[in-house]
Structures are given as C-alpha cells and as structure tokens.
file target28.cif (mmCIF, C-alpha atoms)
data_run
#
loop_
_atom_site.label_atom_id
_atom_site.label_comp_id
_atom_site.auth_asym_id
_atom_site.auth_seq_id
_atom_site.Cartn_x
_atom_site.Cartn_y
_atom_site.Cartn_z
CA MET X 10 118.61 -92.29 -65.07
CA ILE X 11 114.97 -92.79 -66.03
CA ALA X 12 114.01 -91.72 -69.50
CA GLU X 13 110.76 -89.85 -70.09
CA PRO X 14 108.15 -91.93 -71.84
CA THR X 15 107.68 -90.51 -75.29
CA THR X 16 106.39 -91.82 -78.55
CA GLY X 17 109.20 -90.31 -80.51
CA VAL X 18 106.77 -88.23 -82.52
CA VAL X 19 106.72 -84.66 -81.24
CA ALA X 20 103.19 -83.93 -82.47
CA VAL X 21 101.77 -87.00 -80.71
CA ASP X 22 103.65 -86.16 -77.50
CA GLN X 23 102.32 -82.59 -77.58
CA ALA X 24 98.77 -83.80 -78.28
CA ALA X 25 99.02 -86.23 -75.32
CA ALA X 26 100.32 -83.44 -73.06
CA TRP X 27 97.51 -81.11 -74.15
CA ALA X 28 94.94 -83.88 -73.65
CA ALA X 29 96.25 -84.57 -70.13
CA ALA X 30 96.23 -80.85 -69.28
CA LEU X 31 92.70 -80.48 -70.68
CA ALA X 32 91.51 -83.52 -68.69
CA ALA X 33 93.04 -82.07 -65.50
CA ILE X 34 91.40 -78.67 -66.12
CA LEU X 35 88.03 -80.26 -66.88
CA GLY X 36 88.30 -82.41 -63.73
CA LEU X 37 89.06 -79.33 -61.63
CA LEU X 38 86.16 -77.44 -63.20
CA LEU X 39 83.85 -80.39 -62.48
CA VAL X 40 84.87 -80.40 -58.80
CA ILE X 41 84.32 -76.64 -58.57
CA TRP X 42 80.95 -76.91 -60.36
CA ARG X 43 79.72 -79.59 -57.94
CA ALA X 44 80.69 -77.44 -54.93
CA VAL X 45 79.00 -74.37 -56.45
CA ARG X 46 75.88 -76.36 -57.31
CA ARG X 47 75.62 -77.71 -53.73
CA SER X 48 76.03 -74.20 -52.35
CA LEU X 49 73.40 -72.85 -54.73
CA ALA X 50 71.01 -75.63 -53.73
CA LYS X 51 71.47 -74.73 -50.06
CA LEU X 52 70.97 -71.05 -50.87
CA GLU X 53 67.78 -71.90 -52.77
CA GLN X 54 66.48 -73.91 -49.80
CA PHE X 55 67.24 -71.00 -47.46
CA LEU X 56 65.47 -68.52 -49.74
CA ASP X 57 62.45 -70.83 -50.03
CA ASP X 58 62.29 -71.02 -46.23
CA TRP X 59 62.74 -67.25 -45.89
CA ASN X 60 60.25 -66.22 -48.57
CA GLY X 61 57.82 -69.14 -48.18
CA THR X 62 56.44 -71.29 -50.94
CA PRO X 63 52.99 -71.23 -52.52
CA GLY X 64 50.75 -74.26 -52.28
CA ARG X 65 50.67 -76.87 -55.00
CA PRO X 66 48.28 -79.72 -55.59
CA GLY X 67 48.75 -82.05 -52.63
CA VAL X 68 51.26 -79.78 -50.89
CA PRO X 69 50.15 -76.97 -48.55
CA ALA X 70 51.70 -73.52 -48.79
CA ARG X 71 54.51 -72.69 -46.36
CA PRO X 72 54.56 -69.16 -44.99
CA GLY X 73 57.77 -67.14 -45.11
CA MET X 74 59.71 -65.80 -42.15
CA VAL X 75 58.05 -62.38 -42.14
CA GLU X 76 54.60 -63.96 -41.96
CA ARG X 77 55.73 -66.40 -39.27
CA VAL X 78 57.24 -63.64 -37.14
CA GLY X 79 54.07 -61.57 -37.59
CA ARG X 80 52.01 -64.51 -36.35
CA ILE X 81 54.29 -64.97 -33.35
CA GLU X 82 54.04 -61.28 -32.48
CA GLY X 83 50.25 -61.48 -32.71
CA LEU X 84 50.19 -64.48 -30.36
CA GLN X 85 52.48 -62.67 -27.93
CA ARG X 86 50.19 -59.65 -27.97
CA GLN X 87 47.19 -61.89 -27.17
CA GLN X 88 49.08 -63.61 -24.36
CA GLY X 89 50.06 -60.23 -22.95
CA GLU X 90 46.39 -59.19 -22.91
CA HIS X 91 45.44 -62.42 -21.15
CA LEU X 92 48.17 -61.90 -18.56
CA ASP X 93 47.01 -58.32 -17.98
CA ARG X 94 43.49 -59.60 -17.27
CA ILE X 95 44.81 -62.28 -14.92
CA GLU X 96 46.98 -59.77 -13.06
CA HIS X 97 43.98 -57.45 -12.73
CA GLU X 98 42.16 -60.23 -10.88
CA LEU X 99 45.07 -60.93 -8.51
CA HIS X 100 45.43 -57.45 -6.99
CA PRO X 101 42.97 -55.34 -5.06
CA ASN X 102 41.63 -52.56 -7.25
CA SER X 103 38.20 -51.18 -8.07
CA GLY X 104 36.30 -53.85 -6.16
CA SER X 105 35.59 -56.01 -9.19
CA SER X 106 38.61 -58.32 -9.04
CA LEU X 107 38.77 -61.83 -7.65
CA ARG X 108 41.15 -60.59 -4.97
CA ASP X 109 38.60 -57.98 -3.88
CA ALA X 110 35.93 -60.69 -3.66
CA VAL X 111 38.20 -62.97 -1.58
CA ASP X 112 39.09 -60.07 0.72
CA SER X 113 35.36 -59.24 1.12
CA ILE X 114 34.55 -62.85 1.95
CA GLY X 115 37.40 -62.90 4.46
CA ARG X 116 36.09 -59.80 6.15
CA THR X 117 32.55 -61.23 6.24
CA VAL X 118 33.66 -64.60 7.61
CA GLY X 119 35.95 -62.98 10.11
CA ALA X 120 33.09 -60.72 11.33
CA THR X 121 30.71 -63.57 12.09
CA PRO X 122 30.86 -65.16 15.52
CA ARG X 123 32.20 -68.68 15.62
CA ASP X 124 30.41 -71.51 17.38
CA PRO X 125 32.21 -72.70 20.53
#

call {"tool": "encode", "arguments": {"input": "target28.cif", "output": "structure tokens"}}
result
Amino acid sequence: MIAEPTTGVVAVDQAAAWAAALAAILGLLLVIWRAVRRSLAKLEQFLDDWNGTPGRPGVPARPGMVERVGRIEGLQRQQGEHLDRIEHELHPNSGSSLRDAVDSIGRTVGATPRDP
C-alpha cells in the first residue's frame, strides 16, 4: 500500500491542495484565453478586410468588400456595353455595322467581271 505524501500538518496540506487547484484553474484559463485571443484576432482581420481600412502614413487605404463589389459591378457593366457594341458590328442591321460593310463589299466584288 502506498501512503499519500503529506506533511503531517493539515493546514499546510490544505494550502498545498488549494495552491495546486488554483494553478490548474489558472493554467486552464490561460489556455482558454489564448484560444479566444487567437479567434478574436482572426475576427478582427476579417472585419478589417470586410470594412476596409483607412490610409496611414506610408500605407495606402484598403477598400472594403462593398466598395470592391461595387467596382466589380461597374467594370462588368462597362464590359457588357463593349460587348453590345461589338455584337452590333457582327450582325447585319441598319447598314452601319462592319458586317453590313463586308456584305456590301462582297456584293460589289461579286458583281464585277473577273479577268480570264
């Protein structure tokens, strides 16, 4: 049978037990605090990316997600307008498109006699 290590003084044994329990609780709280702090740091980084950050001396401002999405939508709108203009030129229409000009040239060339 193994005897429990004690000092023989009840007050000292109780103080040692309380100190060990307190150390264990503080250690657990420290582990929890580190995990919470890491999570909060990641949340802060996400919110900075979402909301954007103002410029500082030597560091340019970073736009937030709403501004970035707005810019992307604006670029898409411009590209859509460009594509509409290109498509207008590729199909016969009012006579002013590139396709109409090519068709007209084809008719003109096809109407001229060829040299034998």

call {"tool": "resolve_selection", "arguments": {"input": "target28.cif", "expression": "the PyMOL selection byres ((chain X and resi 47-60) around 8)", "output": "PyMOL selection string"}}
result
chain X and resi 43-46+61-62+71-75

call {"tool": "residues_around", "arguments": {"input": "target28.cif", "residues": "Glu98 (chain X)", "least_positions_apart": "4", "cutoff": "9 Å", "atoms": "all atoms listed in the file", "output": "ChimeraX atom specification"}}
result
/X:93-94,102,105-109

call {"tool": "atom_distance", "arguments": {"input": "target28.cif", "atom1": "CA of Leu31 (chain X)", "atom2": "CA of Thr16 (chain X)"}}
result
19.4 Å

call {"tool": "axis_aligned_box", "arguments": {"input": "target28.cif", "around": "region 69-81 of chain X", "padding_each_side": "4 Å", "output": "JSON"}}
result
{"center_x": 54.9, "center_y": -69.3, "center_z": -41.1, "size_x": 17.6, "size_y": 23.4, "size_z": 23.4}

call {"tool": "atom_distance", "arguments": {"input": "target28.cif", "atom1": "CA of Thr15 (chain X)", "atom2": "CA of Gly36 (chain X)"}}
result
24.0 Å

call {"tool": "closest_residue", "arguments": {"input": "target28.cif", "among": "X:Asp112, X:Asp22, X:Gln88, X:Gly83", "to": "His100 (chain X)", "atoms": "all atoms listed in the file"}}
result
X:Asp112

call {"tool": "atom_distance", "arguments": {"input": "target28.cif", "atom1": "CA of Gly104 (chain X)", "atom2": "CA of Gln87 (chain X)"}}
result
25.0 Å
